[in-house]
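Engineer: Here you go, this is run.pdb (PDB, C-alpha atoms).
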```
ATOM      1  CA  GLY Q1424    -102.205 114.213 254.007  1.00  0.00           C
ATOM      2  CA  ALA Q1425    -103.256 115.844 250.790  1.00  0.00           C
ATOM      3  CA  VAL Q1426    -100.527 116.141 248.178  1.00  0.00           C
ATOM      4  CA  VAL Q1427    -100.535 118.307 245.079  1.00  0.00           C
ATOM      5  CA  SER Q1428     -97.854 117.777 242.480  1.00  0.00           C
ATOM      6  CA  GLN Q1429     -96.939 120.558 240.076  1.00  0.00           C
ATOM      7  CA  HIS Q1430     -94.697 120.180 237.060  1.00  0.00           C
ATOM      8  CA  PRO Q1431     -92.363 121.552 235.808  1.00  0.00           C
ATOM      9  CA  SER Q1432     -90.793 123.347 238.748  1.00  0.00           C
ATOM     10  CA  ARG Q1433     -88.753 125.578 236.482  1.00  0.00           C
ATOM     11  CA  VAL Q1434     -89.043 126.387 232.815  1.00  0.00           C
ATOM     12  CA  ILE Q1435     -87.204 128.762 230.537  1.00  0.00           C
ATOM     13  CA  CYS Q1436     -88.648 129.501 227.151  1.00  0.00           C
ATOM     14  CA  LYS Q1437     -88.247 131.864 224.250  1.00  0.00           C
ATOM     15  CA  SER Q1438     -90.625 134.712 223.685  1.00  0.00           C
ATOM     16  CA  GLY Q1439     -93.565 133.677 221.524  1.00  0.00           C
ATOM     17  CA  THR Q1440     -93.641 130.039 222.584  1.00  0.00           C
ATOM     18  CA  SER Q1441     -96.268 128.336 224.734  1.00  0.00           C
ATOM     19  CA  VAL Q1442     -95.659 126.636 228.040  1.00  0.00           C
ATOM     20  CA  LYS Q1443     -97.873 124.087 229.787  1.00  0.00           C
ATOM     21  CA  ILE Q1444     -97.882 123.602 233.542  1.00  0.00           C
ATOM     22  CA  GLU Q1445     -99.535 120.580 235.121  1.00  0.00           C
ATOM     23  CA  CYS Q1446    -101.133 120.320 238.518  1.00  0.00           C
ATOM     24  CA  ARG Q1447    -102.140 116.949 239.944  1.00  0.00           C
ATOM     25  CA  SER Q1448    -103.858 115.975 243.158  1.00  0.00           C
ATOM     26  CA  LEU Q1449    -102.144 112.732 244.084  1.00  0.00           C
ATOM     27  CA  ASP Q1450    -104.234 111.240 246.856  1.00  0.00           C
ATOM     28  CA  PHE Q1451    -107.595 112.921 246.547  1.00  0.00           C
ATOM     29  CA  GLN Q1452    -110.035 114.089 243.923  1.00  0.00           C
ATOM     30  CA  ALA Q1453    -110.255 117.801 243.331  1.00  0.00           C
ATOM     31  CA  THR Q1454    -113.282 119.095 241.511  1.00  0.00           C
ATOM     32  CA  THR Q1455    -111.900 122.571 241.943  1.00  0.00           C
ATOM     33  CA  MET Q1456    -108.345 123.767 241.544  1.00  0.00           C
ATOM     34  CA  PHE Q1457    -107.009 127.286 241.720  1.00  0.00           C
ATOM     35  CA  TRP Q1458    -104.210 128.941 239.812  1.00  0.00           C
ATOM     36  CA  TYR Q1459    -102.245 131.728 241.428  1.00  0.00           C
ATOM     37  CA  ARG Q1460     -99.493 133.977 240.243  1.00  0.00           C
ATOM     38  CA  GLN Q1461     -96.911 135.380 242.599  1.00  0.00           C
ATOM     39  CA  PHE Q1462     -94.425 138.130 241.847  1.00  0.00           C
ATOM     40  CA  PRO Q1463     -91.226 138.331 243.906  1.00  0.00           C
ATOM     41  CA  LYS Q1464     -91.891 139.254 247.524  1.00  0.00           C
ATOM     42  CA  GLN Q1465     -95.567 139.780 246.855  1.00  0.00           C
ATOM     43  CA  SER Q1466     -98.797 138.051 247.682  1.00  0.00           C
ATOM     44  CA  LEU Q1467    -100.628 135.389 245.725  1.00  0.00           C
ATOM     45  CA  MET Q1468    -102.900 136.722 243.041  1.00  0.00           C
ATOM     46  CA  LEU Q1469    -105.734 134.423 242.069  1.00  0.00           C
ATOM     47  CA  MET Q1470    -105.826 134.047 238.307  1.00  0.00           C
ATOM     48  CA  ALA Q1471    -108.610 131.566 237.804  1.00  0.00           C
ATOM     49  CA  THR Q1472    -110.680 128.805 239.302  1.00  0.00           C
ATOM     50  CA  SER Q1473    -110.456 125.563 237.412  1.00  0.00           C
ATOM     51  CA  ASN Q1474    -113.583 123.417 237.443  1.00  0.00           C
ATOM     52  CA  GLU Q1475    -113.541 119.782 236.393  1.00  0.00           C
ATOM     53  CA  GLY Q1476    -115.607 119.246 233.294  1.00  0.00           C
ATOM     54  CA  SER Q1477    -116.463 122.878 232.726  1.00  0.00           C
ATOM     55  CA  LYS Q1478    -114.897 126.167 231.757  1.00  0.00           C
ATOM     56  CA  ALA Q1479    -112.555 127.907 234.129  1.00  0.00           C
ATOM     57  CA  THR Q1480    -113.639 131.049 235.907  1.00  0.00           C
ATOM     58  CA  TYR Q1481    -111.145 133.832 235.380  1.00  0.00           C
ATOM     59  CA  GLU Q1482    -110.522 136.757 237.683  1.00  0.00           C
ATOM     60  CA  GLN Q1483    -110.921 140.274 236.406  1.00  0.00           C
ATOM     61  CA  GLY Q1484    -107.974 141.393 234.340  1.00  0.00           C
ATOM     62  CA  VAL Q1485    -106.737 137.892 233.497  1.00  0.00           C
ATOM     63  CA  GLU Q1486    -106.751 137.144 229.786  1.00  0.00           C
ATOM     64  CA  LYS Q1487    -108.586 133.917 229.020  1.00  0.00           C
ATOM     65  CA  ASP Q1488    -106.899 133.459 225.678  1.00  0.00           C
ATOM     66  CA  LYS Q1489    -103.501 134.066 227.185  1.00  0.00           C
ATOM     67  CA  PHE Q1490    -103.802 131.677 230.091  1.00  0.00           C
ATOM     68  CA  LEU Q1491    -105.623 128.568 228.950  1.00  0.00           C
ATOM     69  CA  ILE Q1492    -106.886 126.311 231.702  1.00  0.00           C
ATOM     70  CA  ASN Q1493    -108.073 122.772 231.231  1.00  0.00           C
ATOM     71  CA  HIS Q1494    -109.414 120.547 233.996  1.00  0.00           C
ATOM     72  CA  ALA Q1495    -109.986 117.292 232.173  1.00  0.00           C
ATOM     73  CA  SER Q1496    -110.152 114.976 235.168  1.00  0.00           C
ATOM     74  CA  LEU Q1497    -110.690 115.059 238.912  1.00  0.00           C
ATOM     75  CA  THR Q1498    -106.952 114.907 239.500  1.00  0.00           C
ATOM     76  CA  LEU Q1499    -105.443 117.060 236.767  1.00  0.00           C
ATOM     77  CA  SER Q1500    -105.589 120.706 235.797  1.00  0.00           C
ATOM     78  CA  THR Q1501    -103.278 122.370 233.301  1.00  0.00           C
ATOM     79  CA  LEU Q1502    -102.349 125.978 232.711  1.00  0.00           C
ATOM     80  CA  THR Q1503    -100.958 126.905 229.323  1.00  0.00           C
ATOM     81  CA  VAL Q1504     -99.282 130.268 228.909  1.00  0.00           C
ATOM     82  CA  THR Q1505     -99.695 130.998 225.222  1.00  0.00           C
ATOM     83  CA  SER Q1506     -97.347 133.159 223.195  1.00  0.00           C
ATOM     84  CA  ALA Q1507     -95.319 133.907 226.274  1.00  0.00           C
ATOM     85  CA  HIS Q1508     -93.564 137.250 226.686  1.00  0.00           C
ATOM     86  CA  PRO Q1509     -90.996 138.397 229.227  1.00  0.00           C
ATOM     87  CA  GLU Q1510     -93.709 140.106 231.305  1.00  0.00           C
ATOM     88  CA  ASP Q1511     -95.285 136.667 231.816  1.00  0.00           C
ATOM     89  CA  SER Q1512     -92.226 135.584 233.768  1.00  0.00           C
ATOM     90  CA  SER Q1513     -93.442 134.751 237.232  1.00  0.00           C
ATOM     91  CA  PHE Q1514     -94.026 132.078 239.829  1.00  0.00           C
ATOM     92  CA  TYR Q1515     -97.225 130.169 239.076  1.00  0.00           C
ATOM     93  CA  ILE Q1516     -98.749 128.082 241.839  1.00  0.00           C
ATOM     94  CA  CYS Q1517    -101.697 125.756 241.684  1.00  0.00           C
ATOM     95  CA  SER Q1518    -103.754 124.584 244.584  1.00  0.00           C
ATOM     96  CA  ALA Q1519    -106.549 122.167 245.213  1.00  0.00           C
ATOM     97  CA  SER Q1520    -109.200 122.396 247.858  1.00  0.00           C
ATOM     98  CA  ARG Q1521    -110.260 119.710 250.231  1.00  0.00           C
ATOM     99  CA  ASP Q1522    -113.104 120.028 252.700  1.00  0.00           C
ATOM    100  CA  THR Q1523    -112.281 120.069 256.387  1.00  0.00           C
ATOM    101  CA  GLU Q1524    -114.377 118.102 258.823  1.00  0.00           C
ATOM    102  CA  SER Q1525    -115.386 120.879 261.171  1.00  0.00           C
ATOM    103  CA  SER Q1526    -116.918 123.449 258.919  1.00  0.00           C
ATOM    104  CA  GLY Q1527    -116.736 122.266 255.360  1.00  0.00           C
ATOM    105  CA  ALA Q1528    -114.589 125.234 254.491  1.00  0.00           C
ATOM    106  CA  ASN Q1529    -111.984 124.653 251.839  1.00  0.00           C
ATOM    107  CA  VAL Q1530    -108.400 124.260 252.922  1.00  0.00           C
ATOM    108  CA  LEU Q1531    -105.916 124.701 250.128  1.00  0.00           C
ATOM    109  CA  THR Q1532    -103.054 122.383 249.420  1.00  0.00           C
ATOM    110  CA  PHE Q1533    -100.523 124.074 247.201  1.00  0.00           C
ATOM    111  CA  GLY Q1534     -98.271 122.624 244.577  1.00  0.00           C
ATOM    112  CA  ALA Q1535     -94.584 123.462 244.777  1.00  0.00           C
ATOM    113  CA  GLY Q1536     -94.964 126.096 242.078  1.00  0.00           C
ATOM    114  CA  SER Q1537     -93.509 126.621 238.624  1.00  0.00           C
ATOM    115  CA  ARG Q1538     -91.039 129.388 237.975  1.00  0.00           C
ATOM    116  CA  LEU Q1539     -91.405 130.597 234.405  1.00  0.00           C
ATOM    117  CA  THR Q1540     -88.723 132.680 232.768  1.00  0.00           C
ATOM    118  CA  VAL Q1541     -89.413 134.019 229.296  1.00  0.00           C
ATOM    119  CA  LEU Q1542     -86.381 135.229 227.415  1.00  0.00           C
TER     120      LEU Q1542
ATOM    121  CA  GLY S 993    -114.650 143.642 246.050  1.00  0.00           C
ATOM    122  CA  GLN S 994    -113.527 141.840 249.130  1.00  0.00           C
ATOM    123  CA  GLN S 995    -110.129 142.941 250.399  1.00  0.00           C
ATOM    124  CA  VAL S 996    -107.904 141.496 253.051  1.00  0.00           C
ATOM    125  CA  MET S 997    -105.286 143.836 254.437  1.00  0.00           C
ATOM    126  CA  GLN S 998    -102.315 142.523 256.328  1.00  0.00           C
ATOM    127  CA  ILE S 999     -99.741 144.411 258.369  1.00  0.00           C
ATOM    128  CA  PRO S1000     -96.888 144.842 258.782  1.00  0.00           C
ATOM    129  CA  GLN S1001     -95.426 144.064 255.402  1.00  0.00           C
ATOM    130  CA  TYR S1002     -92.025 143.306 256.903  1.00  0.00           C
ATOM    131  CA  GLN S1003     -90.844 142.500 260.413  1.00  0.00           C
ATOM    132  CA  HIS S1004     -87.299 141.906 261.564  1.00  0.00           C
ATOM    133  CA  VAL S1005     -86.741 140.629 265.087  1.00  0.00           C
ATOM    134  CA  GLN S1006     -83.998 139.255 267.243  1.00  0.00           C
ATOM    135  CA  GLU S1007     -84.242 135.558 267.918  1.00  0.00           C
ATOM    136  CA  GLY S1008     -86.269 135.073 271.061  1.00  0.00           C
ATOM    137  CA  GLU S1009     -88.435 138.131 270.562  1.00  0.00           C
ATOM    138  CA  ASP S1010     -92.139 137.880 269.901  1.00  0.00           C
ATOM    139  CA  PHE S1011     -93.805 138.581 266.562  1.00  0.00           C
ATOM    140  CA  THR S1012     -97.346 139.486 265.581  1.00  0.00           C
ATOM    141  CA  THR S1013     -99.027 139.954 262.217  1.00  0.00           C
ATOM    142  CA  TYR S1014    -102.511 141.395 261.788  1.00  0.00           C
ATOM    143  CA  CYS S1015    -105.147 140.800 259.175  1.00  0.00           C
ATOM    144  CA  ASN S1016    -108.229 142.958 258.519  1.00  0.00           C
ATOM    145  CA  SER S1017    -111.106 142.474 256.146  1.00  0.00           C
ATOM    146  CA  SER S1018    -113.526 145.039 254.798  1.00  0.00           C
ATOM    147  CA  THR S1019    -116.319 142.488 255.063  1.00  0.00           C
ATOM    148  CA  THR S1020    -117.345 139.731 257.439  1.00  0.00           C
ATOM    149  CA  LEU S1021    -115.560 136.493 256.713  1.00  0.00           C
ATOM    150  CA  SER S1022    -116.882 132.957 256.855  1.00  0.00           C
ATOM    151  CA  ASN S1023    -113.532 131.765 258.053  1.00  0.00           C
ATOM    152  CA  ILE S1024    -109.898 132.718 257.941  1.00  0.00           C
ATOM    153  CA  GLN S1025    -106.877 130.619 257.195  1.00  0.00           C
ATOM    154  CA  TRP S1026    -103.190 131.164 257.791  1.00  0.00           C
ATOM    155  CA  TYR S1027    -100.386 129.946 255.588  1.00  0.00           C
ATOM    156  CA  LYS S1028     -96.606 130.054 255.851  1.00  0.00           C
ATOM    157  CA  GLN S1029     -94.292 130.311 252.879  1.00  0.00           C
ATOM    158  CA  ARG S1030     -90.617 129.678 253.448  1.00  0.00           C
ATOM    159  CA  PRO S1031     -88.146 131.518 251.189  1.00  0.00           C
ATOM    160  CA  GLY S1032     -88.164 129.800 247.804  1.00  0.00           C
ATOM    161  CA  GLY S1033     -91.021 127.539 248.816  1.00  0.00           C
ATOM    162  CA  HIS S1034     -94.759 127.353 248.435  1.00  0.00           C
ATOM    163  CA  PRO S1035     -97.485 128.262 250.935  1.00  0.00           C
ATOM    164  CA  VAL S1036     -98.247 125.641 253.544  1.00  0.00           C
ATOM    165  CA  PHE S1037    -101.482 125.574 255.480  1.00  0.00           C
ATOM    166  CA  LEU S1038    -101.139 126.330 259.193  1.00  0.00           C
ATOM    167  CA  ILE S1039    -104.618 126.647 260.620  1.00  0.00           C
ATOM    168  CA  GLN S1040    -108.218 127.644 260.025  1.00  0.00           C
ATOM    169  CA  LEU S1041    -110.436 129.722 262.298  1.00  0.00           C
ATOM    170  CA  VAL S1042    -114.191 129.605 261.918  1.00  0.00           C
ATOM    171  CA  LYS S1043    -115.924 130.820 265.053  1.00  0.00           C
ATOM    172  CA  SER S1044    -116.269 134.383 266.251  1.00  0.00           C
ATOM    173  CA  GLY S1045    -113.660 135.124 268.927  1.00  0.00           C
ATOM    174  CA  GLU S1046    -111.915 131.812 268.350  1.00  0.00           C
ATOM    175  CA  VAL S1047    -108.392 131.336 269.667  1.00  0.00           C
ATOM    176  CA  LYS S1048    -106.201 128.429 268.659  1.00  0.00           C
ATOM    177  CA  LYS S1049    -102.666 127.545 269.629  1.00  0.00           C
ATOM    178  CA  GLN S1050     -99.967 125.543 267.940  1.00  0.00           C
ATOM    179  CA  LYS S1051     -96.969 125.365 270.251  1.00  0.00           C
ATOM    180  CA  ARG S1052     -95.526 128.910 270.150  1.00  0.00           C
ATOM    181  CA  LEU S1053     -98.113 130.171 267.642  1.00  0.00           C
ATOM    182  CA  THR S1054    -101.391 131.717 268.763  1.00  0.00           C
ATOM    183  CA  PHE S1055    -104.129 132.509 266.276  1.00  0.00           C
ATOM    184  CA  GLN S1056    -107.137 134.703 266.983  1.00  0.00           C
ATOM    185  CA  PHE S1057    -110.308 135.478 265.076  1.00  0.00           C
ATOM    186  CA  GLY S1058    -112.104 138.679 265.977  1.00  0.00           C
ATOM    187  CA  GLU S1059    -115.564 138.852 267.464  1.00  0.00           C
ATOM    188  CA  ALA S1060    -116.908 140.503 264.327  1.00  0.00           C
ATOM    189  CA  LYS S1061    -115.087 137.991 262.127  1.00  0.00           C
ATOM    190  CA  LYS S1062    -113.392 140.811 260.277  1.00  0.00           C
ATOM    191  CA  ASN S1063    -109.920 140.593 261.730  1.00  0.00           C
ATOM    192  CA  SER S1064    -107.394 138.030 262.803  1.00  0.00           C
ATOM    193  CA  SER S1065    -103.915 137.858 264.224  1.00  0.00           C
ATOM    194  CA  LEU S1066    -101.026 135.454 264.446  1.00  0.00           C
ATOM    195  CA  HIS S1067     -98.642 135.777 267.374  1.00  0.00           C
ATOM    196  CA  ILE S1068     -95.393 133.888 267.690  1.00  0.00           C
ATOM    197  CA  THR S1069     -93.794 133.720 271.113  1.00  0.00           C
ATOM    198  CA  ALA S1070     -90.011 133.579 271.412  1.00  0.00           C
ATOM    199  CA  THR S1071     -89.207 133.375 267.736  1.00  0.00           C
ATOM    200  CA  GLN S1072     -86.718 130.866 266.410  1.00  0.00           C
ATOM    201  CA  THR S1073     -84.762 130.924 263.150  1.00  0.00           C
ATOM    202  CA  THR S1074     -87.077 128.241 261.795  1.00  0.00           C
ATOM    203  CA  ASP S1075     -89.920 130.753 261.946  1.00  0.00           C
ATOM    204  CA  VAL S1076     -88.411 132.736 259.067  1.00  0.00           C
ATOM    205  CA  GLY S1077     -90.770 133.103 256.140  1.00  0.00           C
ATOM    206  CA  THR S1078     -93.800 134.976 254.907  1.00  0.00           C
ATOM    207  CA  TYR S1079     -97.067 134.530 256.738  1.00  0.00           C
ATOM    208  CA  PHE S1080    -100.268 134.987 254.790  1.00  0.00           C
ATOM    209  CA  CYS S1081    -103.791 135.229 256.039  1.00  0.00           C
ATOM    210  CA  ALA S1082    -106.534 134.255 253.655  1.00  0.00           C
ATOM    211  CA  GLY S1083    -110.211 134.918 254.127  1.00  0.00           C
ATOM    212  CA  THR S1084    -113.251 133.350 252.602  1.00  0.00           C
ATOM    213  CA  LYS S1085    -116.723 134.649 252.165  1.00  0.00           C
ATOM    214  CA  GLY S1086    -119.605 132.636 250.916  1.00  0.00           C
ATOM    215  CA  ILE S1087    -121.233 129.276 251.223  1.00  0.00           C
ATOM    216  CA  GLN S1088    -119.429 125.993 250.959  1.00  0.00           C
ATOM    217  CA  GLY S1089    -118.591 125.130 247.401  1.00  0.00           C
ATOM    218  CA  ALA S1090    -118.641 128.751 246.314  1.00  0.00           C
ATOM    219  CA  GLN S1091    -115.863 129.935 248.565  1.00  0.00           C
ATOM    220  CA  LYS S1092    -112.867 131.718 247.198  1.00  0.00           C
ATOM    221  CA  LEU S1093    -109.816 132.525 249.241  1.00  0.00           C
ATOM    222  CA  VAL S1094    -108.547 136.090 249.198  1.00  0.00           C
ATOM    223  CA  PHE S1095    -105.002 136.423 250.424  1.00  0.00           C
ATOM    224  CA  GLY S1096    -103.545 139.258 252.404  1.00  0.00           C
ATOM    225  CA  GLN S1097    -100.320 140.836 251.268  1.00  0.00           C
ATOM    226  CA  GLY S1098     -98.313 138.745 253.678  1.00  0.00           C
ATOM    227  CA  THR S1099     -95.874 139.626 256.439  1.00  0.00           C
ATOM    228  CA  ARG S1100     -92.298 138.725 255.791  1.00  0.00           C
ATOM    229  CA  LEU S1101     -90.505 137.738 258.974  1.00  0.00           C
ATOM    230  CA  THR S1102     -86.745 137.781 259.193  1.00  0.00           C
ATOM    231  CA  ILE S1103     -84.829 136.872 262.322  1.00  0.00           C
ATOM    232  CA  ASN S1104     -81.430 137.882 263.569  1.00  0.00           C
ATOM    233  CA  PRO S1105     -79.880 134.881 265.335  1.00  0.00           C
TER     234      PRO S1105
END
```
What is this file in C-alpha cells?
Structural biologist:
Amino acid sequence: GAVVSQHPSRVICKSGTSVKIECRSLDFQATTMFWYRQFPKQSLMLMATSNEGSKATYEQGVEKDKFLINHASLTLSTLTVTSAHPEDSSFYICSASRDTESSGANVLTFGAGSRLTVL
Amino acid sequence: GQQVMQIPQYQHVQEGEDFTTYCNSSTTLSNIQWYKQRPGGHPVFLIQLVKSGEVKKQKRLTFQFGEAKKNSSLHITATQTTDVGTYFCAGTKGIQGAQKLVFGQGTRLTINP
C-alpha cells in the first residue's frame, strides 16, 4: 500500500529559529500533498496544498511567509516553519493523495506527523 | 465555506456496547471518507463512500452515506478495546483533481474494559 514518510517525528527548537519538515511518498508519485496542523484533541486543520512544480495554495489565515512550502519533486514536499515562536508548537501532519479505482476520488495517506515544540 | 460537523465530540462506552458517530455537511458532498486516529498516532484511512444511500461494512463497522449525500454515520457493534481512538469523517466537494478534504471535528471514543 501507499506509504508516506515524514521526518522528523519530533523536534524541539528555540524561539526565532527555523525548522524544516520533510514529507516523502515512498512507493508512489504525489503531484499533490497536503499539510495539516492538529492541536491537542482537536481536528486536522488544512494549512496548504502543495503542488509539484508550482506554488502552494494556502488556506485562509495561514501565513505564507511563516510556513514555507516547497514541492520540488513528485515524491517530496517540505514545510519550513520560519522564525518559530511558542504558539507555533503543534503537531504537523502531511498527506499525499492517491486516486482510488472506483471513483477517482482522492484517498489520503498520512505521514506519521511531526511534533514541534518551540521553547 | 464548506463545513463538516461531527457529533458527538466524545463518547465513552463499556466494552461490548455499540458506538455511533454522525457527520453532517452543509452542502452536498462528492464522497465521504472515514479515518481513525489512535492516541499518539496519525489518521489512517478506513473507507470511502461515494454513492447516495451507500452502506459498507468492515467486520463490526458499518458505514452509511445519506440519500442526499449530506450526512454519514459510522456504527461499531460490540466495541472492543482496540476500537479506542478518534474517528474523523472527511468530505470532498468538487471534481477529481480539484478535490479538497474537509475534516469533521472528530469523535473521540474511549472504552471501559
Engineer: Could you check which of Q:Leu1499, Q:Asn1493, Q:Thr1505, Q:Ser1473 is closest to chain S, using all atoms listed in the file?
Structural biologist: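 Looking at the shortest contact to chain S, the residue is Q:Ser1473.
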Engineer: Given the file shown, enumerate the residues that the PyMOL selection byres ((chain Q and resi 1437) around 7) captures and present them as a ChimeraX atom specification.
Structural biologist: /Q:1436,1438-1440,1541-1542
Engineer: Can you check which residues of chain Q have any atom within 12 Å of chain S? Use all atoms listed in the file and format it as number ranges by chain.
Structural biologist: Q: 1424-1429, 1432, 1453-1474, 1480, 1482-1483, 1514-1538
Engineer: Quick one: pull the distance between CA of Ser1500 in chain Q and CA of Ser1513 in chain Q, Å, one decimal.
Structural biologist: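 CA of Ser1513 in chain Q lies at a distance of 18.6 Å from CA of Ser1500 in chain Q.
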Engineer: On this file, the PyMOL selection byres ((chain S and resi 1066) around 6) gives some set of residues; write that set as a PyMOL selection string.
Structural biologist: chain S and resi 1012-1013+1054-1055+1065+1067
Engineer: What does the distance between CA of Thr1071 in chain S and CA of Cys1015 in chain S come to in Å, to one decimal place?
Structural biologist: 19.6 Å
Engineer: Between S:Leu1021, S:Leu1053, S:Val1005, S:Ala1060, which has the minimum distance to Leu1101 in chain S (counting all atoms listed in the file)?
Structural biologist: S:Val1005
Engineer: Excluding His1430 in chain Q and its own-chain neighbours fewer than 4 positions away, which residues fall within 7 Å of it when counting only C-alpha atoms? Please give them as a list in words.
Structural biologist: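 That gives Ile1444, Glu1445, Cys1446 and Ser1537 of chain Q.
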Engineer: Can you spell out as a PyMOL selection string the set of residues that the PyMOL selection byres ((chain S and resi 1064) around 7) selects in the structure I just provided?
Structural biologist: chain S and resi 1014-1016+1056-1058+1063+1065
Engineer: Output the selection as a compact mmCIF listing (two decimals), keeping the file's coordinate frame - C-alpha atoms for each residue.
Structural biologist:
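Ended up saving to out.txt:
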```
# COMPACT_ATOMS: atom_id res chain seq x y z
CA TYR S 1014 -102.51 141.40 261.79
CA CYS S 1015 -105.15 140.80 259.18
CA ASN S 1016 -108.23 142.96 258.52
CA GLN S 1056 -107.14 134.70 266.98
CA PHE S 1057 -110.31 135.48 265.08
CA GLY S 1058 -112.10 138.68 265.98
CA ASN S 1063 -109.92 140.59 261.73
CA SER S 1065 -103.92 137.86 264.22
```
Engineer: Using Å and a single decimal, report how far CA of Cys1081 in chain S sits from CA of Gly1008 in chain S.
Structural biologist: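 Atom-to-atom, CA of Gly1008 in chain S to CA of Cys1081 in chain S, that is 23.1 Å.
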Engineer: Take every atom of range 997-1004 of chain S listed in the file, fit an axis-aligned box around them, add 6 Å per side, and give the centre and edge lengths in Å to one decimal as AutoDock Vina command-line options.
Structural biologist:
```
--center_x -96.3 --center_y 143.4 --center_z 258.0 --size_x 30.0 --size_y 14.9 --size_z 19.1
```
